[in-house]
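Read through the structure below, which is laid out as structure tokens, and then see the notes.
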Amino acid sequence: NAGVTQTPKFQVLKTGQSMTLQCAQDMNHNSMYWYRQDPGMGLRLIYYSASEGTTDKGEVPNGYNVSRLNKREFSLRLESAAPSQTSVYFCASSGGGADRELNYGYTFGSGTRLTVV
Amino acid sequence: GQQLNQSPQSMFIQEGEDVSMNCTSSSIFNTWLWYKQDPGEGPVLLIALYKAGELTSNGRLTAQFGITRKDSFLNISASIPSDVGIYFCAGRGGSNYKLTFGKGTLLTVNP
């Protein structure tokens, strides 16, 4: 199983450029999440999608937009990148059946390392 | 919102030593989970706890769901170099399916 796949793995952007981070899961999970990880800050939730067709803001949504394209895919867009958005971005998914770990445990992708110069 | 206090922030130990880390919250949680993040990778679920007082083991790892439902502990026995990484606690409260994460404990093991 591929689990959660994120693309690209690395990206360098100039200030003001836009880009979309892609995420896809093959576990039939209902919920998907975007986090950013910065040194000393842990994992901070940017946006999440409880189910196909819904999206909600997390802890740090400013400067980002998301699209839940279908049940499998959840993309994160930076419209005008800023140096403060230099970070490692993780996509995660959860919730797929009666198994409690599937419902409550998140499966994470391997991350996108973004640098904005 | 709910917050988790995870400690210590970092640990530097010798191979073979035991390790203990914990998370506390001002809110009650119904589920506690512990994740490990290897360098350059995403977090991976190690142990999940669903009941107050529950003690669960996974190899050299043991985790407990605190009786007050406001804390959890993770112990690693006889550490080895591949234990290096960041360990995160996470909790779920009420009917909210979203997890709240601690800020992580960075573990370094000296061979």
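FYI, nothing fancy with the structure tokens labels: chains A, B, ... in order, residues from 1 per chain, ligands from 1 as they appear.
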Neighbouring residues of Gly42 in chain A were defined as those with any atom within 12 Å, considering only C-alpha atoms; residues of the same chain fewer than 5 positions away were excluded. Please report them as a tab-separated table (two decimals) with N, CA, C and O atoms, in the first residue's frame.
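Saved result, result_26.tsv, follows:
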chain	number	residue	atom	x	y	z
A	35	TYR	N	-0.69	19.87	7.64
A	35	TYR	CA	0.07	20.43	8.75
A	35	TYR	C	1.35	21.07	8.21
A	35	TYR	O	1.88	20.69	7.17
A	36	ARG	N	1.86	22.01	9.00
A	36	ARG	CA	3.22	22.49	8.76
A	36	ARG	C	4.03	22.22	10.03
A	36	ARG	O	3.50	22.24	11.15
A	37	GLN	N	5.31	21.90	9.81
A	37	GLN	CA	6.19	21.61	10.93
A	37	GLN	C	7.39	22.54	10.88
A	37	GLN	O	8.13	22.57	9.90
A	87	SER	N	8.88	25.89	5.30
A	87	SER	CA	8.51	24.89	6.31
A	87	SER	C	8.51	23.51	5.67
A	87	SER	O	8.74	23.35	4.47
A	88	VAL	N	8.23	22.52	6.50
A	88	VAL	CA	7.96	21.17	6.00
A	88	VAL	C	6.46	20.94	6.14
A	88	VAL	O	5.89	21.13	7.22
A	89	TYR	N	5.83	20.55	5.05
A	89	TYR	CA	4.38	20.39	5.02
A	89	TYR	C	4.03	18.90	4.97
A	89	TYR	O	4.56	18.15	4.16
A	90	PHE	N	3.13	18.53	5.87
A	90	PHE	CA	2.67	17.14	5.92
A	90	PHE	C	1.18	17.06	5.66
A	90	PHE	O	0.40	17.83	6.21
B	3	GLN	N	-4.71	22.07	24.43
B	3	GLN	CA	-3.27	22.09	24.26
B	3	GLN	C	-2.65	20.94	25.04
B	3	GLN	O	-3.16	20.55	26.10
B	4	LEU	N	-1.57	20.42	24.50
B	4	LEU	CA	-0.82	19.38	25.17
B	4	LEU	C	0.57	19.90	25.51
B	4	LEU	O	1.21	20.53	24.67
B	5	ASN	N	1.01	19.63	26.74
B	5	ASN	CA	2.36	19.98	27.15
B	5	ASN	C	3.18	18.70	27.16
B	5	ASN	O	2.92	17.80	27.95
B	6	GLN	N	4.17	18.65	26.28
B	6	GLN	CA	4.99	17.46	26.16
B	6	GLN	C	6.38	17.75	26.71
B	6	GLN	O	6.97	18.79	26.40
B	9	GLN	N	11.61	18.48	26.12
B	9	GLN	CA	11.68	18.91	24.72
B	9	GLN	C	12.72	18.11	23.97
B	9	GLN	O	12.57	17.84	22.78
B	37	GLN	N	8.70	10.19	14.61
B	37	GLN	CA	9.09	10.74	13.32
B	37	GLN	C	10.59	10.52	13.12
B	37	GLN	O	11.41	11.08	13.86
B	43	PRO	N	5.49	11.43	10.62
B	43	PRO	CA	5.25	10.66	11.85
B	43	PRO	C	4.55	9.34	11.56
B	43	PRO	O	3.70	9.26	10.67
B	86	ILE	N	11.94	12.18	16.59
B	86	ILE	CA	11.05	13.03	17.38
B	86	ILE	C	9.81	12.20	17.75
B	86	ILE	O	9.20	11.57	16.88
B	87	TYR	N	9.46	12.21	19.01
B	87	TYR	CA	8.30	11.48	19.50
B	87	TYR	C	7.20	12.49	19.82
B	87	TYR	O	7.43	13.46	20.54
B	88	PHE	N	6.03	12.25	19.26
B	88	PHE	CA	4.89	13.13	19.48
B	88	PHE	C	3.79	12.39	20.23
B	88	PHE	O	3.47	11.25	19.91
B	89	CYS	N	3.20	13.07	21.21
B	89	CYS	CA	1.96	12.57	21.76
B	89	CYS	C	0.81	13.27	21.05
B	89	CYS	O	0.99	14.35	20.49
B	90	ALA	N	-0.34	12.64	21.05
B	90	ALA	CA	-1.54	13.23	20.45
B	90	ALA	C	-2.75	12.77	21.23
B	90	ALA	O	-2.79	11.62	21.71
B	100	THR	N	-5.11	16.56	18.75
B	100	THR	CA	-4.25	17.65	19.21
B	100	THR	C	-2.88	17.06	19.46
B	100	THR	O	-2.76	16.03	20.14
B	101	PHE	N	-1.83	17.68	18.90
B	101	PHE	CA	-0.47	17.15	19.02
B	101	PHE	C	0.34	17.94	20.03
B	101	PHE	O	0.20	19.17	20.14
B	102	GLY	N	1.22	17.23	20.76
B	102	GLY	CA	2.24	17.90	21.54
B	102	GLY	C	3.33	18.40	20.62
B	102	GLY	O	3.34	18.11	19.42
B	103	LYS	N	4.28	19.18	21.17
B	103	LYS	CA	5.32	19.78	20.34
B	103	LYS	C	6.49	18.83	20.08
B	103	LYS	O	7.38	19.15	19.31
B	104	GLY	N	6.46	17.67	20.71
B	104	GLY	CA	7.47	16.66	20.39
B	104	GLY	C	8.63	16.62	21.36
B	104	GLY	O	8.97	17.61	22.00
B	105	THR	N	9.23	15.43	21.47
B	105	THR	CA	10.45	15.22	22.23
B	105	THR	C	11.51	14.70	21.26
B	105	THR	O	11.31	13.65	20.63
B	106	LEU	N	12.60	15.43	21.13
B	106	LEU	CA	13.69	15.03	20.24
B	106	LEU	C	14.63	14.12	21.01
B	106	LEU	O	15.22	14.52	22.01
Counting only C-alpha atoms, which residues of chain A sit at most 12 Å from some atom of chain B, and what is each one's closest atom pair with its distance in Å to one decimal, listed by chain and rising residue number, as JSON lines?
{"residue": "A:Gly3", "atom": "CA", "partner": "B:Val44", "partner_atom": "CA", "distance": 11.5}
{"residue": "A:Val4", "atom": "CA", "partner": "B:Gly42", "partner_atom": "CA", "distance": 10.0}
{"residue": "A:Thr5", "atom": "CA", "partner": "B:Gly42", "partner_atom": "CA", "distance": 10.9}
{"residue": "A:Gln6", "atom": "CA", "partner": "B:Gly42", "partner_atom": "CA", "distance": 10.6}
{"residue": "A:Lys9", "atom": "CA", "partner": "B:Gly40", "partner_atom": "CA", "distance": 10.2}
{"residue": "A:Phe10", "atom": "CA", "partner": "B:Gly40", "partner_atom": "CA", "distance": 11.3}
{"residue": "A:Asn30", "atom": "CA", "partner": "B:Tyr97", "partner_atom": "CA", "distance": 11.0}
{"residue": "A:Ser31", "atom": "CA", "partner": "B:Tyr97", "partner_atom": "CA", "distance": 9.0}
{"residue": "A:Met32", "atom": "CA", "partner": "B:Lys98", "partner_atom": "CA", "distance": 10.0}
{"residue": "A:Tyr33", "atom": "CA", "partner": "B:Lys98", "partner_atom": "CA", "distance": 9.3}
{"residue": "A:Trp34", "atom": "CA", "partner": "B:Lys98", "partner_atom": "CA", "distance": 12.0}
{"residue": "A:Tyr35", "atom": "CA", "partner": "B:Gly42", "partner_atom": "CA", "distance": 10.8}
{"residue": "A:Arg36", "atom": "CA", "partner": "B:Gly42", "partner_atom": "CA", "distance": 11.2}
{"residue": "A:Gln37", "atom": "CA", "partner": "B:Lys103", "partner_atom": "CA", "distance": 9.6}
{"residue": "A:Asp38", "atom": "CA", "partner": "B:Lys103", "partner_atom": "CA", "distance": 10.0}
{"residue": "A:Pro39", "atom": "CA", "partner": "B:Lys103", "partner_atom": "CA", "distance": 9.4}
{"residue": "A:Gly40", "atom": "CA", "partner": "B:Lys103", "partner_atom": "CA", "distance": 6.9}
{"residue": "A:Met41", "atom": "CA", "partner": "B:Lys103", "partner_atom": "CA", "distance": 5.9}
{"residue": "A:Gly42", "atom": "CA", "partner": "B:Lys103", "partner_atom": "CA", "distance": 4.0}
{"residue": "A:Leu43", "atom": "CA", "partner": "B:Phe101", "partner_atom": "CA", "distance": 6.7}
{"residue": "A:Arg44", "atom": "CA", "partner": "B:Phe101", "partner_atom": "CA", "distance": 8.2}
{"residue": "A:Leu45", "atom": "CA", "partner": "B:Thr100", "partner_atom": "CA", "distance": 9.1}
{"residue": "A:Tyr47", "atom": "CA", "partner": "B:Lys98", "partner_atom": "CA", "distance": 11.3}
{"residue": "A:Tyr48", "atom": "CA", "partner": "B:Lys98", "partner_atom": "CA", "distance": 9.0}
{"residue": "A:Ser49", "atom": "CA", "partner": "B:Lys98", "partner_atom": "CA", "distance": 10.3}
{"residue": "A:Ala50", "atom": "CA", "partner": "B:Tyr97", "partner_atom": "CA", "distance": 8.6}
{"residue": "A:Ser51", "atom": "CA", "partner": "B:Tyr97", "partner_atom": "CA", "distance": 11.5}
{"residue": "A:Asp56", "atom": "CA", "partner": "B:Lys98", "partner_atom": "CA", "distance": 11.6}
{"residue": "A:Gly58", "atom": "CA", "partner": "B:Lys98", "partner_atom": "CA", "distance": 10.2}
{"residue": "A:Glu59", "atom": "CA", "partner": "B:Gly1", "partner_atom": "CA", "distance": 9.4}
{"residue": "A:Val88", "atom": "CA", "partner": "B:Gly40", "partner_atom": "CA", "distance": 9.6}
{"residue": "A:Tyr89", "atom": "CA", "partner": "B:Gly42", "partner_atom": "CA", "distance": 9.5}
{"residue": "A:Phe90", "atom": "CA", "partner": "B:Gly42", "partner_atom": "CA", "distance": 7.0}
{"residue": "A:Cys91", "atom": "CA", "partner": "B:Gly42", "partner_atom": "CA", "distance": 8.9}
{"residue": "A:Ala92", "atom": "CA", "partner": "B:Gly42", "partner_atom": "CA", "distance": 9.1}
{"residue": "A:Ser93", "atom": "CA", "partner": "B:Lys98", "partner_atom": "CA", "distance": 10.5}
{"residue": "A:Ser94", "atom": "CA", "partner": "B:Tyr97", "partner_atom": "CA", "distance": 9.0}
{"residue": "A:Gly95", "atom": "CA", "partner": "B:Tyr97", "partner_atom": "CA", "distance": 8.7}
{"residue": "A:Asp99", "atom": "CA", "partner": "B:Ala48", "partner_atom": "CA", "distance": 11.8}
{"residue": "A:Arg100", "atom": "CA", "partner": "B:Tyr50", "partner_atom": "CA", "distance": 8.8}
{"residue": "A:Glu101", "atom": "CA", "partner": "B:Ala48", "partner_atom": "CA", "distance": 7.1}
{"residue": "A:Leu102", "atom": "CA", "partner": "B:Ala48", "partner_atom": "CA", "distance": 10.6}
{"residue": "A:Asn103", "atom": "CA", "partner": "B:Tyr97", "partner_atom": "CA", "distance": 8.1}
{"residue": "A:Tyr104", "atom": "CA", "partner": "B:Tyr97", "partner_atom": "CA", "distance": 6.7}
{"residue": "A:Gly105", "atom": "CA", "partner": "B:Leu45", "partner_atom": "CA", "distance": 7.1}
{"residue": "A:Tyr106", "atom": "CA", "partner": "B:Leu45", "partner_atom": "CA", "distance": 7.5}
{"residue": "A:Thr107", "atom": "CA", "partner": "B:Val44", "partner_atom": "CA", "distance": 7.0}
{"residue": "A:Phe108", "atom": "CA", "partner": "B:Gly42", "partner_atom": "CA", "distance": 5.6}
{"residue": "A:Gly109", "atom": "CA", "partner": "B:Gly42", "partner_atom": "CA", "distance": 5.6}
{"residue": "A:Ser110", "atom": "CA", "partner": "B:Gly42", "partner_atom": "CA", "distance": 4.4}
{"residue": "A:Gly111", "atom": "CA", "partner": "B:Gly42", "partner_atom": "CA", "distance": 6.1}
{"residue": "A:Thr112", "atom": "CA", "partner": "B:Glu41", "partner_atom": "CA", "distance": 9.7}
{"residue": "A:Arg113", "atom": "CA", "partner": "B:Gly40", "partner_atom": "CA", "distance": 9.2}
Please save C-alpha atoms of the selected residues as a CSV table (one decimal), in the first residue's frame.
chain,number,residue,atom,x,y,z
A,3,GLY,CA,-0.7,5.1,2.0
A,4,VAL,CA,-0.4,8.9,1.7
A,5,THR,CA,1.6,10.2,-1.2
A,6,GLN,CA,2.8,13.9,-1.3
A,9,LYS,CA,9.2,16.2,-2.0
A,10,PHE,CA,11.2,19.4,-2.3
A,30,ASN,CA,-12.8,10.1,5.0
A,31,SER,CA,-10.8,12.8,6.7
A,32,MET,CA,-7.6,14.6,5.4
A,33,TYR,CA,-5.4,17.2,7.0
A,34,TRP,CA,-2.6,19.6,6.1
A,35,TYR,CA,0.1,20.4,8.7
A,36,ARG,CA,3.2,22.5,8.8
A,37,GLN,CA,6.2,21.6,10.9
A,38,ASP,CA,8.7,24.2,12.1
A,39,PRO,CA,11.5,23.8,14.6
A,40,GLY,CA,10.3,24.0,18.1
A,41,MET,CA,6.7,24.5,17.0
A,42,GLY,CA,5.6,20.9,16.6
A,43,LEU,CA,2.8,20.1,14.0
A,44,ARG,CA,0.4,23.0,13.4
A,45,LEU,CA,-2.9,22.3,11.6
A,47,TYR,CA,-6.7,23.1,7.0
A,48,TYR,CA,-8.6,19.9,7.2
A,49,SER,CA,-11.4,18.2,5.4
A,50,ALA,CA,-13.7,16.0,7.6
A,51,SER,CA,-15.2,14.4,4.5
A,56,ASP,CA,-12.3,23.9,7.5
A,58,GLY,CA,-7.2,24.9,11.3
A,59,GLU,CA,-4.8,26.8,13.6
A,88,VAL,CA,8.0,21.2,6.0
A,89,TYR,CA,4.4,20.4,5.0
A,90,PHE,CA,2.7,17.1,5.9
A,91,CYS,CA,-0.6,15.7,4.6
A,92,ALA,CA,-2.4,13.1,6.8
A,93,SER,CA,-5.6,11.1,6.6
A,94,SER,CA,-7.8,9.2,9.0
A,95,GLY,CA,-11.1,7.4,9.4
A,99,ASP,CA,-11.1,-0.3,13.5
A,100,ARG,CA,-10.4,2.3,16.1
A,101,GLU,CA,-6.8,2.9,15.0
A,102,LEU,CA,-8.0,3.6,11.5
A,103,ASN,CA,-10.6,6.0,12.8
A,104,TYR,CA,-8.5,7.9,15.2
A,105,GLY,CA,-5.0,7.4,14.2
A,106,TYR,CA,-3.6,9.6,11.4
A,107,THR,CA,-1.5,8.2,8.5
A,108,PHE,CA,1.1,10.8,7.4
A,109,GLY,CA,2.8,11.4,4.1
A,110,SER,CA,6.6,11.8,4.0
A,111,GLY,CA,6.4,15.6,3.6
A,112,THR,CA,7.2,18.4,1.2
A,113,ARG,CA,10.1,20.6,2.1
Taking 4 positions as the minimum chain separation for residues in the same chain, which residues sit within 12 Å of Arg77 in chain A when counting only C-alpha atoms? Answer as an mmCIF file with all heavy atoms, in the first residue's frame.
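Generated file (result_18.cif):
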data_model
loop_
_atom_site.group_PDB
_atom_site.id
_atom_site.type_symbol
_atom_site.label_atom_id
_atom_site.label_comp_id
_atom_site.auth_asym_id
_atom_site.auth_seq_id
_atom_site.Cartn_x
_atom_site.Cartn_y
_atom_site.Cartn_z
ATOM 1 N N GLN A 17 5.617 33.896 -5.735
ATOM 2 C CA GLN A 17 5.207 32.821 -6.637
ATOM 3 C C GLN A 17 4.104 31.999 -5.985
ATOM 4 O O GLN A 17 3.933 32.010 -4.761
ATOM 5 C CB GLN A 17 6.399 31.911 -6.973
ATOM 6 C CG GLN A 17 7.375 32.521 -7.949
ATOM 7 C CD GLN A 17 8.466 31.529 -8.360
ATOM 8 O OE1 GLN A 17 9.028 30.805 -7.535
ATOM 9 N NE2 GLN A 17 8.771 31.514 -9.649
ATOM 10 N N SER A 18 3.378 31.279 -6.826
ATOM 11 C CA SER A 18 2.324 30.419 -6.311
ATOM 12 C C SER A 18 2.666 28.973 -6.609
ATOM 13 O O SER A 18 3.455 28.682 -7.523
ATOM 14 C CB SER A 18 0.980 30.782 -6.941
ATOM 15 O OG SER A 18 1.038 30.578 -8.347
ATOM 16 N N MET A 19 2.100 28.076 -5.822
ATOM 17 C CA MET A 19 2.256 26.655 -6.107
ATOM 18 C C MET A 19 1.194 25.857 -5.356
ATOM 19 O O MET A 19 0.586 26.364 -4.404
ATOM 20 C CB MET A 19 3.636 26.154 -5.727
ATOM 21 C CG MET A 19 3.853 25.883 -4.264
ATOM 22 S SD MET A 19 5.271 24.800 -3.972
ATOM 23 C CE MET A 19 4.718 23.260 -4.687
ATOM 24 N N THR A 20 0.998 24.629 -5.812
ATOM 25 C CA THR A 20 0.051 23.723 -5.181
ATOM 26 C C THR A 20 0.773 22.468 -4.739
ATOM 27 O O THR A 20 1.493 21.850 -5.531
ATOM 28 C CB THR A 20 -1.082 23.347 -6.162
ATOM 29 O OG1 THR A 20 -1.776 24.540 -6.547
ATOM 30 C CG2 THR A 20 -2.062 22.387 -5.496
ATOM 31 N N LEU A 21 0.578 22.117 -3.472
ATOM 32 C CA LEU A 21 1.099 20.863 -2.941
ATOM 33 C C LEU A 21 0.007 19.807 -3.086
ATOM 34 O O LEU A 21 -1.142 20.036 -2.693
ATOM 35 C CB LEU A 21 1.487 21.010 -1.470
ATOM 36 C CG LEU A 21 2.822 21.677 -1.141
ATOM 37 C CD1 LEU A 21 2.823 23.135 -1.573
ATOM 38 C CD2 LEU A 21 3.088 21.583 0.361
ATOM 39 N N GLN A 22 0.397 18.661 -3.617
ATOM 40 C CA GLN A 22 -0.580 17.616 -3.882
ATOM 41 C C GLN A 22 -0.506 16.528 -2.814
ATOM 42 O O GLN A 22 0.573 16.214 -2.293
ATOM 43 C CB GLN A 22 -0.326 16.981 -5.253
ATOM 44 C CG GLN A 22 -0.256 17.954 -6.405
ATOM 45 C CD GLN A 22 -1.614 18.511 -6.778
ATOM 46 O OE1 GLN A 22 -2.653 18.081 -6.277
ATOM 47 N NE2 GLN A 22 -1.612 19.509 -7.670
ATOM 48 N N CYS A 23 -1.663 15.956 -2.502
ATOM 49 C CA CYS A 23 -1.727 14.856 -1.541
ATOM 50 C C CYS A 23 -2.798 13.876 -1.999
ATOM 51 O O CYS A 23 -3.912 14.296 -2.360
ATOM 52 C CB CYS A 23 -2.056 15.377 -0.154
ATOM 53 S SG CYS A 23 -2.291 14.070 1.080
ATOM 54 N N TRP A 34 -3.846 19.012 6.486
ATOM 55 C CA TRP A 34 -2.563 19.606 6.124
ATOM 56 C C TRP A 34 -1.945 20.238 7.364
ATOM 57 O O TRP A 34 -2.596 21.041 8.057
ATOM 58 C CB TRP A 34 -2.712 20.668 5.040
ATOM 59 C CG TRP A 34 -2.741 20.122 3.664
ATOM 60 C CD1 TRP A 34 -3.811 19.985 2.843
ATOM 61 C CD2 TRP A 34 -1.613 19.636 2.920
ATOM 62 N NE1 TRP A 34 -3.440 19.435 1.644
ATOM 63 C CE2 TRP A 34 -2.088 19.219 1.667
ATOM 64 C CE3 TRP A 34 -0.243 19.520 3.193
ATOM 65 C CZ2 TRP A 34 -1.259 18.695 0.678
ATOM 66 C CZ3 TRP A 34 0.578 18.999 2.222
ATOM 67 C CH2 TRP A 34 0.068 18.586 0.973
ATOM 68 N N ILE A 46 -3.121 23.399 9.396
ATOM 69 C CA ILE A 46 -3.406 24.505 8.489
ATOM 70 C C ILE A 46 -4.881 24.467 8.077
ATOM 71 O O ILE A 46 -5.626 25.422 8.284
ATOM 72 C CB ILE A 46 -2.513 24.434 7.232
ATOM 73 C CG1 ILE A 46 -1.031 24.390 7.611
ATOM 74 C CG2 ILE A 46 -2.782 25.634 6.319
ATOM 75 C CD1 ILE A 46 -0.104 24.111 6.438
ATOM 76 N N TYR A 47 -5.276 23.378 7.463
ATOM 77 C CA TYR A 47 -6.650 23.145 7.033
ATOM 78 C C TYR A 47 -6.944 21.649 7.183
ATOM 79 O O TYR A 47 -6.027 20.827 7.198
ATOM 80 C CB TYR A 47 -6.849 23.521 5.556
ATOM 81 C CG TYR A 47 -7.273 24.935 5.289
ATOM 82 C CD1 TYR A 47 -6.314 25.915 5.010
ATOM 83 C CD2 TYR A 47 -8.615 25.299 5.268
ATOM 84 C CE1 TYR A 47 -6.701 27.227 4.739
ATOM 85 C CE2 TYR A 47 -9.007 26.603 4.985
ATOM 86 C CZ TYR A 47 -8.034 27.564 4.729
ATOM 87 O OH TYR A 47 -8.418 28.860 4.458
ATOM 88 N N PRO A 61 -4.307 29.108 9.108
ATOM 89 C CA PRO A 61 -4.769 29.035 7.718
ATOM 90 C C PRO A 61 -4.349 30.201 6.822
ATOM 91 O O PRO A 61 -4.436 30.090 5.591
ATOM 92 C CB PRO A 61 -6.290 29.032 7.870
ATOM 93 C CG PRO A 61 -6.513 29.874 9.099
ATOM 94 C CD PRO A 61 -5.353 29.566 10.015
ATOM 95 N N ASN A 62 -3.897 31.307 7.411
ATOM 96 C CA ASN A 62 -3.639 32.501 6.608
ATOM 97 C C ASN A 62 -2.548 32.267 5.574
ATOM 98 O O ASN A 62 -1.476 31.757 5.880
ATOM 99 C CB ASN A 62 -3.245 33.675 7.514
ATOM 100 C CG ASN A 62 -4.408 34.151 8.349
ATOM 101 O OD1 ASN A 62 -5.561 33.803 8.075
ATOM 102 N ND2 ASN A 62 -4.127 34.927 9.389
ATOM 103 N N GLY A 63 -2.848 32.657 4.337
ATOM 104 C CA GLY A 63 -1.890 32.507 3.244
ATOM 105 C C GLY A 63 -2.031 31.214 2.474
ATOM 106 O O GLY A 63 -1.273 30.972 1.524
ATOM 107 N N TYR A 64 -3.013 30.398 2.858
ATOM 108 C CA TYR A 64 -3.218 29.090 2.228
ATOM 109 C C TYR A 64 -4.673 28.921 1.790
ATOM 110 O O TYR A 64 -5.570 29.501 2.376
ATOM 111 C CB TYR A 64 -2.883 27.952 3.193
ATOM 112 C CG TYR A 64 -1.513 28.006 3.805
ATOM 113 C CD1 TYR A 64 -1.313 28.597 5.051
ATOM 114 C CD2 TYR A 64 -0.410 27.462 3.148
ATOM 115 C CE1 TYR A 64 -0.058 28.647 5.625
ATOM 116 C CE2 TYR A 64 0.849 27.501 3.718
ATOM 117 C CZ TYR A 64 1.020 28.101 4.959
ATOM 118 O OH TYR A 64 2.273 28.140 5.523
ATOM 119 N N ASN A 65 -4.851 28.087 0.772
ATOM 120 C CA ASN A 65 -6.178 27.614 0.397
ATOM 121 C C ASN A 65 -6.100 26.122 0.136
ATOM 122 O O ASN A 65 -5.014 25.602 -0.163
ATOM 123 C CB ASN A 65 -6.687 28.317 -0.867
ATOM 124 C CG ASN A 65 -7.140 29.728 -0.568
ATOM 125 O OD1 ASN A 65 -8.024 29.941 0.257
ATOM 126 N ND2 ASN A 65 -6.530 30.700 -1.222
ATOM 127 N N VAL A 66 -7.232 25.444 0.238
ATOM 128 C CA VAL A 66 -7.248 24.003 0.018
ATOM 129 C C VAL A 66 -8.397 23.622 -0.893
ATOM 130 O O VAL A 66 -9.370 24.370 -1.051
ATOM 131 C CB VAL A 66 -7.384 23.205 1.337
ATOM 132 C CG1 VAL A 66 -6.119 23.308 2.181
ATOM 133 C CG2 VAL A 66 -8.602 23.654 2.114
ATOM 134 N N SER A 67 -8.258 22.447 -1.490
ATOM 135 C CA SER A 67 -9.327 21.865 -2.296
ATOM 136 C C SER A 67 -9.392 20.371 -2.014
ATOM 137 O O SER A 67 -8.363 19.685 -2.098
ATOM 138 C CB SER A 67 -9.066 22.073 -3.795
ATOM 139 O OG SER A 67 -9.089 23.433 -4.140
ATOM 140 N N ARG A 68 -10.594 19.891 -1.635
ATOM 141 C CA ARG A 68 -10.790 18.439 -1.519
ATOM 142 C C ARG A 68 -11.378 17.999 -2.857
ATOM 143 O O ARG A 68 -12.578 18.081 -3.098
ATOM 144 C CB ARG A 68 -11.743 18.113 -0.364
ATOM 145 C CG ARG A 68 -11.928 16.610 -0.135
ATOM 146 C CD ARG A 68 -10.743 15.992 0.500
ATOM 147 N NE ARG A 68 -10.864 14.559 0.682
ATOM 148 C CZ ARG A 68 -11.300 13.970 1.783
ATOM 149 N NH1 ARG A 68 -11.693 14.692 2.818
ATOM 150 N NH2 ARG A 68 -11.355 12.652 1.847
ATOM 151 N N ALA A 81 3.609 33.137 -2.271
ATOM 152 C CA ALA A 81 4.477 32.594 -1.232
ATOM 153 C C ALA A 81 5.285 33.695 -0.533
ATOM 154 O O ALA A 81 5.736 34.662 -1.164
ATOM 155 C CB ALA A 81 5.413 31.555 -1.819
ATOM 156 N N GLN A 85 6.545 31.178 5.023
ATOM 157 C CA GLN A 85 5.933 29.895 4.684
ATOM 158 C C GLN A 85 6.974 28.809 4.396
ATOM 159 O O GLN A 85 6.611 27.685 4.046
ATOM 160 C CB GLN A 85 4.977 30.055 3.502
ATOM 161 C CG GLN A 85 3.769 30.913 3.851
ATOM 162 C CD GLN A 85 2.842 31.135 2.679
ATOM 163 O OE1 GLN A 85 3.250 31.594 1.604
ATOM 164 N NE2 GLN A 85 1.574 30.813 2.860
ATOM 165 N N TYR A 89 5.828 20.551 5.054
ATOM 166 C CA TYR A 89 4.378 20.387 5.019
ATOM 167 C C TYR A 89 4.030 18.905 4.974
ATOM 168 O O TYR A 89 4.564 18.152 4.159
ATOM 169 C CB TYR A 89 3.784 21.097 3.800
ATOM 170 C CG TYR A 89 3.886 22.585 3.899
ATOM 171 C CD1 TYR A 89 5.045 23.256 3.496
ATOM 172 C CD2 TYR A 89 2.842 23.346 4.435
ATOM 173 C CE1 TYR A 89 5.153 24.629 3.622
ATOM 174 C CE2 TYR A 89 2.944 24.716 4.560
ATOM 175 C CZ TYR A 89 4.104 25.353 4.153
ATOM 176 O OH TYR A 89 4.203 26.714 4.283
#
Practice task
Write out as a list of chain:residue names all residues of chain A that backbone DSSP assigns to alpha helix (DSSP H).
Solution key: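 Listing alpha helix (DSSP H) positions across chain A yields A:Arg100, A:Glu101, A:Leu102, A:Asn103, A:Tyr104.
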Practice task
Pick out the residues sitting within 12 Å of Gly59 in chain B, and hand them over as a list in words; count only C-alpha atoms, and ignore anything fewer than 6 positions along from it in its own chain.
Solution key: Leu46, Ile47, Asn75, Ile76, Ser77, Ala78 and Ser79 of chain B
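Note that CA of Ser57 in chain B and CA of Phe12 in chain B are 23.0 Å apart.
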Practice task
Give the strand (DSSP E or B) residues of chain B, as DSSP finds them on the backbone, and put them as a PyMOL selection string.
Solution key: chain B and resi 4-7+10-14+19-25+31-37+43-49+55-58+61-65+71-76+85-92+100-101+105-110
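CA of Leu76 in chain A to CA of Phe29 in chain B spans 29.2 Å [interatomic distance, one decimal].
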Handout entry: Long-range neighbours of Leu107 in chain B as number ranges by chain, 10 Å cut-off, only C-alpha atoms, 6 positions minimum in chain
Key = B: 8-13, 19, 21, 81, 83-87
